[in-house]
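Text of target-v9.txt, listed as compact mmCIF, N, CA and C atoms:
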```
# COMPACT_ATOMS: atom_id res chain seq x y z
N GLN A 21 -98.08 -55.11 -59.87
CA GLN A 21 -99.41 -54.57 -59.82
C GLN A 21 -100.32 -55.50 -60.62
N LEU A 22 -101.38 -55.96 -59.99
CA LEU A 22 -102.28 -56.91 -60.63
C LEU A 22 -103.67 -56.32 -60.66
N ALA A 23 -104.26 -56.32 -61.82
CA ALA A 23 -105.63 -55.85 -61.97
C ALA A 23 -106.39 -56.87 -62.79
N ILE A 24 -107.62 -57.10 -62.42
CA ILE A 24 -108.44 -58.06 -63.14
C ILE A 24 -109.57 -57.28 -63.80
N GLY A 25 -109.27 -56.73 -64.98
CA GLY A 25 -110.26 -55.95 -65.70
C GLY A 25 -110.64 -54.67 -65.00
N LYS A 26 -109.81 -54.22 -64.05
CA LYS A 26 -110.07 -53.00 -63.30
C LYS A 26 -108.93 -52.02 -63.53
N PRO A 27 -109.14 -50.74 -63.18
CA PRO A 27 -108.07 -49.78 -63.38
C PRO A 27 -106.78 -50.14 -62.64
N ALA A 28 -105.66 -49.99 -63.32
CA ALA A 28 -104.34 -50.14 -62.72
C ALA A 28 -103.56 -48.92 -63.17
N GLN A 29 -103.47 -47.96 -62.30
CA GLN A 29 -102.86 -46.67 -62.64
C GLN A 29 -103.49 -46.12 -63.91
N GLY A 30 -104.81 -46.09 -63.93
CA GLY A 30 -105.53 -45.52 -65.05
C GLY A 30 -105.62 -46.39 -66.28
N ALA A 31 -105.44 -47.71 -66.13
CA ALA A 31 -105.50 -48.62 -67.28
C ALA A 31 -106.55 -49.69 -67.04
N ILE A 32 -107.20 -50.10 -68.14
CA ILE A 32 -108.17 -51.19 -68.07
C ILE A 32 -107.97 -52.13 -69.25
N ILE A 33 -108.40 -53.38 -69.05
CA ILE A 33 -108.48 -54.33 -70.17
C ILE A 33 -109.93 -54.79 -70.25
N PHE A 34 -110.37 -55.08 -71.47
CA PHE A 34 -111.74 -55.55 -71.67
C PHE A 34 -111.86 -56.16 -73.05
N PRO A 35 -112.83 -57.01 -73.35
CA PRO A 35 -113.70 -57.67 -72.36
C PRO A 35 -112.92 -58.76 -71.63
N ASN A 36 -113.35 -59.07 -70.48
CA ASN A 36 -112.70 -60.10 -69.68
C ASN A 36 -113.78 -60.88 -68.95
N PRO A 37 -114.06 -62.11 -69.41
CA PRO A 37 -113.32 -62.94 -70.36
C PRO A 37 -113.50 -62.48 -71.81
N THR A 38 -112.60 -62.98 -72.66
CA THR A 38 -112.63 -62.65 -74.09
C THR A 38 -112.54 -63.92 -74.92
N GLN A 39 -113.00 -63.80 -76.17
CA GLN A 39 -112.89 -64.93 -77.09
C GLN A 39 -111.84 -64.69 -78.17
N SER A 40 -111.64 -63.42 -78.53
CA SER A 40 -110.71 -63.17 -79.63
C SER A 40 -109.86 -61.92 -79.45
N ILE A 41 -110.47 -60.78 -79.23
CA ILE A 41 -109.72 -59.53 -79.14
C ILE A 41 -109.78 -59.00 -77.71
N LEU A 42 -108.61 -58.68 -77.17
CA LEU A 42 -108.49 -58.07 -75.86
C LEU A 42 -108.08 -56.62 -76.07
N PHE A 43 -108.80 -55.70 -75.45
CA PHE A 43 -108.50 -54.28 -75.58
C PHE A 43 -107.84 -53.76 -74.32
N TYR A 44 -106.95 -52.81 -74.49
CA TYR A 44 -106.24 -52.16 -73.38
C TYR A 44 -106.36 -50.66 -73.60
N GLN A 45 -106.75 -49.96 -72.54
CA GLN A 45 -106.80 -48.50 -72.63
C GLN A 45 -106.19 -47.90 -71.38
N SER A 46 -105.38 -46.88 -71.59
CA SER A 46 -104.69 -46.21 -70.50
C SER A 46 -104.87 -44.71 -70.65
N ASN A 47 -104.86 -44.03 -69.51
CA ASN A 47 -104.90 -42.57 -69.58
C ASN A 47 -103.48 -41.99 -69.56
N ASP A 48 -102.48 -42.85 -69.76
CA ASP A 48 -101.08 -42.43 -69.83
C ASP A 48 -100.88 -41.60 -71.09
N SER A 49 -100.45 -40.36 -70.93
CA SER A 49 -100.29 -39.47 -72.08
C SER A 49 -98.88 -39.48 -72.65
N THR A 50 -98.01 -40.31 -72.09
CA THR A 50 -96.64 -40.41 -72.59
C THR A 50 -96.62 -41.09 -73.95
N GLU A 51 -96.04 -40.43 -74.93
CA GLU A 51 -95.91 -41.07 -76.24
C GLU A 51 -94.62 -41.88 -76.22
N ALA A 52 -94.78 -43.20 -76.25
CA ALA A 52 -93.63 -44.09 -76.13
C ALA A 52 -93.96 -45.44 -76.73
N LYS A 53 -92.91 -46.22 -76.98
CA LYS A 53 -93.08 -47.60 -77.45
C LYS A 53 -93.16 -48.50 -76.23
N TRP A 54 -94.20 -49.34 -76.18
CA TRP A 54 -94.41 -50.27 -75.09
C TRP A 54 -94.26 -51.69 -75.62
N GLN A 55 -93.78 -52.58 -74.78
CA GLN A 55 -93.77 -54.00 -75.10
C GLN A 55 -94.95 -54.63 -74.38
N VAL A 56 -95.65 -55.50 -75.08
CA VAL A 56 -96.80 -56.19 -74.53
C VAL A 56 -96.56 -57.68 -74.67
N GLN A 57 -96.81 -58.41 -73.59
CA GLN A 57 -96.59 -59.85 -73.60
C GLN A 57 -97.80 -60.55 -73.00
N VAL A 58 -98.11 -61.72 -73.54
CA VAL A 58 -99.12 -62.59 -72.94
C VAL A 58 -98.37 -63.79 -72.39
N LEU A 59 -98.60 -64.07 -71.11
CA LEU A 59 -97.95 -65.17 -70.42
C LEU A 59 -98.98 -66.20 -69.99
N ASP A 60 -98.58 -67.47 -69.99
CA ASP A 60 -99.47 -68.49 -69.46
C ASP A 60 -99.29 -68.57 -67.94
N ALA A 61 -100.00 -69.48 -67.30
CA ALA A 61 -99.97 -69.59 -65.84
C ALA A 61 -98.59 -69.98 -65.31
N LEU A 62 -97.74 -70.54 -66.16
CA LEU A 62 -96.38 -70.93 -65.76
C LEU A 62 -95.36 -69.83 -66.06
N GLY A 63 -95.82 -68.73 -66.63
CA GLY A 63 -94.93 -67.62 -66.94
C GLY A 63 -94.26 -67.70 -68.30
N HIS A 64 -94.68 -68.66 -69.13
CA HIS A 64 -94.13 -68.77 -70.49
C HIS A 64 -94.71 -67.68 -71.38
N LYS A 65 -93.85 -67.01 -72.12
CA LYS A 65 -94.27 -65.95 -73.03
C LYS A 65 -94.87 -66.57 -74.28
N LEU A 66 -96.14 -66.28 -74.56
CA LEU A 66 -96.85 -66.85 -75.70
C LEU A 66 -97.00 -65.87 -76.85
N ILE A 67 -97.16 -64.60 -76.51
CA ILE A 67 -97.33 -63.53 -77.50
C ILE A 67 -96.47 -62.36 -77.06
N GLU A 68 -95.84 -61.71 -78.03
CA GLU A 68 -95.11 -60.48 -77.73
C GLU A 68 -95.37 -59.51 -78.87
N LYS A 69 -95.63 -58.27 -78.51
CA LYS A 69 -96.00 -57.26 -79.50
C LYS A 69 -95.52 -55.90 -79.02
N ALA A 70 -95.23 -55.01 -79.94
CA ALA A 70 -94.90 -53.63 -79.60
C ALA A 70 -96.10 -52.74 -79.88
N TRP A 71 -96.38 -51.86 -78.96
CA TRP A 71 -97.44 -50.86 -79.12
C TRP A 71 -96.80 -49.49 -79.07
N ILE A 72 -97.29 -48.59 -79.87
CA ILE A 72 -96.90 -47.18 -79.77
C ILE A 72 -98.05 -46.48 -79.06
N ASN A 73 -97.76 -45.92 -77.89
CA ASN A 73 -98.81 -45.27 -77.12
C ASN A 73 -98.98 -43.82 -77.55
N TYR A 74 -100.23 -43.44 -77.69
CA TYR A 74 -100.63 -42.05 -77.88
C TYR A 74 -101.64 -41.77 -76.79
N SER A 75 -101.78 -40.57 -76.40
CA SER A 75 -102.63 -40.20 -75.27
C SER A 75 -104.02 -40.84 -75.37
N GLY A 76 -104.29 -41.76 -74.44
CA GLY A 76 -105.61 -42.39 -74.37
C GLY A 76 -105.92 -43.36 -75.48
N ALA A 77 -104.94 -43.75 -76.27
CA ALA A 77 -105.19 -44.63 -77.41
C ALA A 77 -105.70 -45.99 -76.94
N LEU A 78 -106.65 -46.51 -77.67
CA LEU A 78 -107.17 -47.84 -77.42
C LEU A 78 -106.32 -48.83 -78.21
N GLN A 79 -105.73 -49.80 -77.51
CA GLN A 79 -104.88 -50.80 -78.14
C GLN A 79 -105.63 -52.12 -78.18
N SER A 80 -105.31 -52.97 -79.15
CA SER A 80 -105.96 -54.27 -79.23
C SER A 80 -104.93 -55.37 -79.42
N LEU A 81 -105.30 -56.55 -78.96
CA LEU A 81 -104.43 -57.71 -79.06
C LEU A 81 -105.28 -58.91 -79.42
N ASN A 82 -104.92 -59.59 -80.50
CA ASN A 82 -105.67 -60.76 -80.95
C ASN A 82 -105.19 -61.98 -80.16
N VAL A 83 -106.07 -62.56 -79.36
CA VAL A 83 -105.74 -63.74 -78.55
C VAL A 83 -106.56 -64.96 -79.00
N ALA A 84 -107.16 -64.88 -80.17
CA ALA A 84 -108.05 -65.94 -80.66
C ALA A 84 -107.35 -67.30 -80.76
N ALA A 85 -106.06 -67.31 -81.06
CA ALA A 85 -105.34 -68.57 -81.25
C ALA A 85 -104.99 -69.26 -79.93
N LEU A 86 -105.14 -68.57 -78.82
CA LEU A 86 -104.82 -69.19 -77.53
C LEU A 86 -105.89 -70.20 -77.13
N PRO A 87 -105.48 -71.30 -76.50
CA PRO A 87 -106.48 -72.23 -75.96
C PRO A 87 -107.25 -71.59 -74.81
N VAL A 88 -108.40 -72.13 -74.51
CA VAL A 88 -109.19 -71.66 -73.37
C VAL A 88 -108.34 -71.77 -72.11
N GLY A 89 -108.34 -70.71 -71.30
CA GLY A 89 -107.55 -70.75 -70.06
C GLY A 89 -107.37 -69.37 -69.46
N VAL A 90 -106.52 -69.32 -68.44
CA VAL A 90 -106.22 -68.08 -67.72
C VAL A 90 -104.83 -67.62 -68.15
N TYR A 91 -104.70 -66.35 -68.45
CA TYR A 91 -103.46 -65.77 -68.93
C TYR A 91 -103.18 -64.45 -68.24
N PHE A 92 -101.97 -63.96 -68.44
CA PHE A 92 -101.56 -62.67 -67.89
C PHE A 92 -101.07 -61.79 -69.02
N LEU A 93 -101.53 -60.54 -69.01
CA LEU A 93 -101.06 -59.54 -69.95
C LEU A 93 -100.05 -58.69 -69.20
N ARG A 94 -98.84 -58.60 -69.74
CA ARG A 94 -97.79 -57.77 -69.14
C ARG A 94 -97.53 -56.62 -70.09
N VAL A 95 -97.63 -55.40 -69.57
CA VAL A 95 -97.38 -54.19 -70.34
C VAL A 95 -96.13 -53.53 -69.76
N LEU A 96 -95.07 -53.47 -70.57
CA LEU A 96 -93.80 -52.89 -70.13
C LEU A 96 -93.68 -51.49 -70.70
N LYS A 97 -93.79 -50.51 -69.82
CA LYS A 97 -93.67 -49.11 -70.20
C LYS A 97 -92.34 -48.60 -69.65
N PRO A 98 -91.84 -47.49 -70.15
CA PRO A 98 -90.63 -46.93 -69.58
C PRO A 98 -90.82 -46.65 -68.08
N GLY A 99 -90.06 -47.36 -67.26
CA GLY A 99 -90.12 -47.16 -65.81
C GLY A 99 -91.30 -47.80 -65.11
N GLN A 100 -92.07 -48.63 -65.80
CA GLN A 100 -93.27 -49.22 -65.18
C GLN A 100 -93.63 -50.53 -65.87
N ILE A 101 -94.11 -51.47 -65.06
CA ILE A 101 -94.63 -52.74 -65.58
C ILE A 101 -96.02 -52.95 -64.99
N GLN A 102 -96.97 -53.27 -65.86
CA GLN A 102 -98.33 -53.57 -65.41
C GLN A 102 -98.65 -55.01 -65.75
N HIS A 103 -99.39 -55.66 -64.85
CA HIS A 103 -99.86 -57.03 -65.08
C HIS A 103 -101.37 -57.06 -64.94
N PHE A 104 -102.02 -57.79 -65.85
CA PHE A 104 -103.45 -57.98 -65.81
C PHE A 104 -103.72 -59.47 -66.00
N ARG A 105 -104.69 -59.98 -65.30
CA ARG A 105 -105.13 -61.37 -65.46
C ARG A 105 -106.36 -61.33 -66.37
N PHE A 106 -106.41 -62.26 -67.35
CA PHE A 106 -107.61 -62.35 -68.17
C PHE A 106 -107.90 -63.81 -68.49
N VAL A 107 -109.14 -64.04 -68.87
CA VAL A 107 -109.61 -65.39 -69.20
C VAL A 107 -109.93 -65.44 -70.68
N LYS A 108 -109.40 -66.45 -71.36
CA LYS A 108 -109.70 -66.70 -72.76
C LYS A 108 -110.77 -67.80 -72.81
N MET A 109 -111.89 -67.49 -73.41
CA MET A 109 -113.01 -68.45 -73.50
C MET A 109 -112.95 -69.18 -74.83
```

Show how you would write the structure in this file as C-alpha cells.
Amino acid sequence: QLAIGKPAQGAIIFPNPTQSILFYQSNDSTEAKWQVQVLDALGHKLIEKAWINYSGALQSLNVAALPVGVYFLRVLKPGQIQHFRFVKM
C-alpha cells in the first residue's frame, strides 16, 4: 500500500516535503508496538525506530540528518505493513 501524504487505511504523514520532522497519524485504535523504518530509493534501511501506538496518537520522526532526496516510510503493525513516500528537502 503506497500513499503520498494521503490517507492509507486512516493514516497520514505530514508535512511532505519535510526538512526535519515527519509526523504520522493513524486512526488505528489498537494499542501495540510498531516498527518504523525509513528506506532510501534502493531499499536500504536508514532509520529504524519503535513506536507505541495509542488511539489516534501523533507520532514524530526526526529525518533532519538525511540528505535531500526521496525516501519511503515503512510502518510495520501487527498483521499490516504501510508504505509512504516522502521528500526530504

CA of Asn82 in chain A to CA of Gln39 in chain A, distance in Å rounded to a single decimal: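 Result for CA of Asn82 in chain A versus CA of Gln39 in chain A: 9.2 Å, one decimal.
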
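Note that the spacing between CA of Gln45 in chain A and CA of Ala61 in chain A amounts to 23.2 Å.
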
Which residue gives the smallest distance to Ser40 in chain A among A:Leu96, A:Ala85, A:Phe104, A:Val90, with all atoms listed in the file counted?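 Between A:Leu96, A:Ala85, A:Phe104, A:Val90, the residue approaching Ser40 in chain A most closely is A:Ala85.
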
What is the distance, in Å and to one decimal place, between CA of Glu51 in chain A and CA of Ile101 in chain A? 15.9 Å

Rank A:Leu66, A:Leu59, A:Tyr74, A:Thr50 by their smallest atom-to-atom distance to Arg94 in chain A, using only N, CA and C atoms, and report the top residue only.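 Closest residue, counting only N, CA and C atoms: A:Leu59.
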
Among range 40-109 of chain A, which residues does DSSP mark as strand (DSSP E or B) when it is run on the backbone? Keep the chain and numbering as in the structure and answer as an MDAnalysis selection string. chainID A and resid 41:46 53:59 65:72 78:82 89:97 100:108

Rank nothing, just name the residue among A:Leu93, A:Ile72, A:Val58, A:Ala84 nearest to Ile41 in chain A, using all atoms listed in the file.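 When distances to Ile41 in chain A are compared using all atoms listed in the file, the smallest one comes from A:Ala84.
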
Using all atoms listed in the file, find the one residue out of A:Ala70, A:Val88, A:Gly99, A:Phe43 that sits nearest to Gln55 in chain A. A:Ala70

Residue nearest Leu42 in chain A - candidates A:Val83, A:Leu78, A:Val107, A:Lys97, atoms counted: only C-alpha atoms: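 For Leu42 in chain A, the nearest of the candidates is A:Val83.
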
Residues within 6.5 Å of Lys69 in chain A, all atoms listed in the file, excluding chain neighbours under 4 positions, as a count of residues only: 4

Go through A:Thr38, A:Leu62, A:His103, A:Ser49 and flag the residue nearest Gly76 in chain A, using all atoms listed in the file for the distances.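 Once distances to Gly76 in chain A are computed over all atoms listed in the file, the minimum belongs to A:Ser49.
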
Distance query Pro37 in chain A at most 6 Å, only N, CA and C atoms, self and fewer than 5 positions along chain excluded, as number ranges by chain: A: 106-109
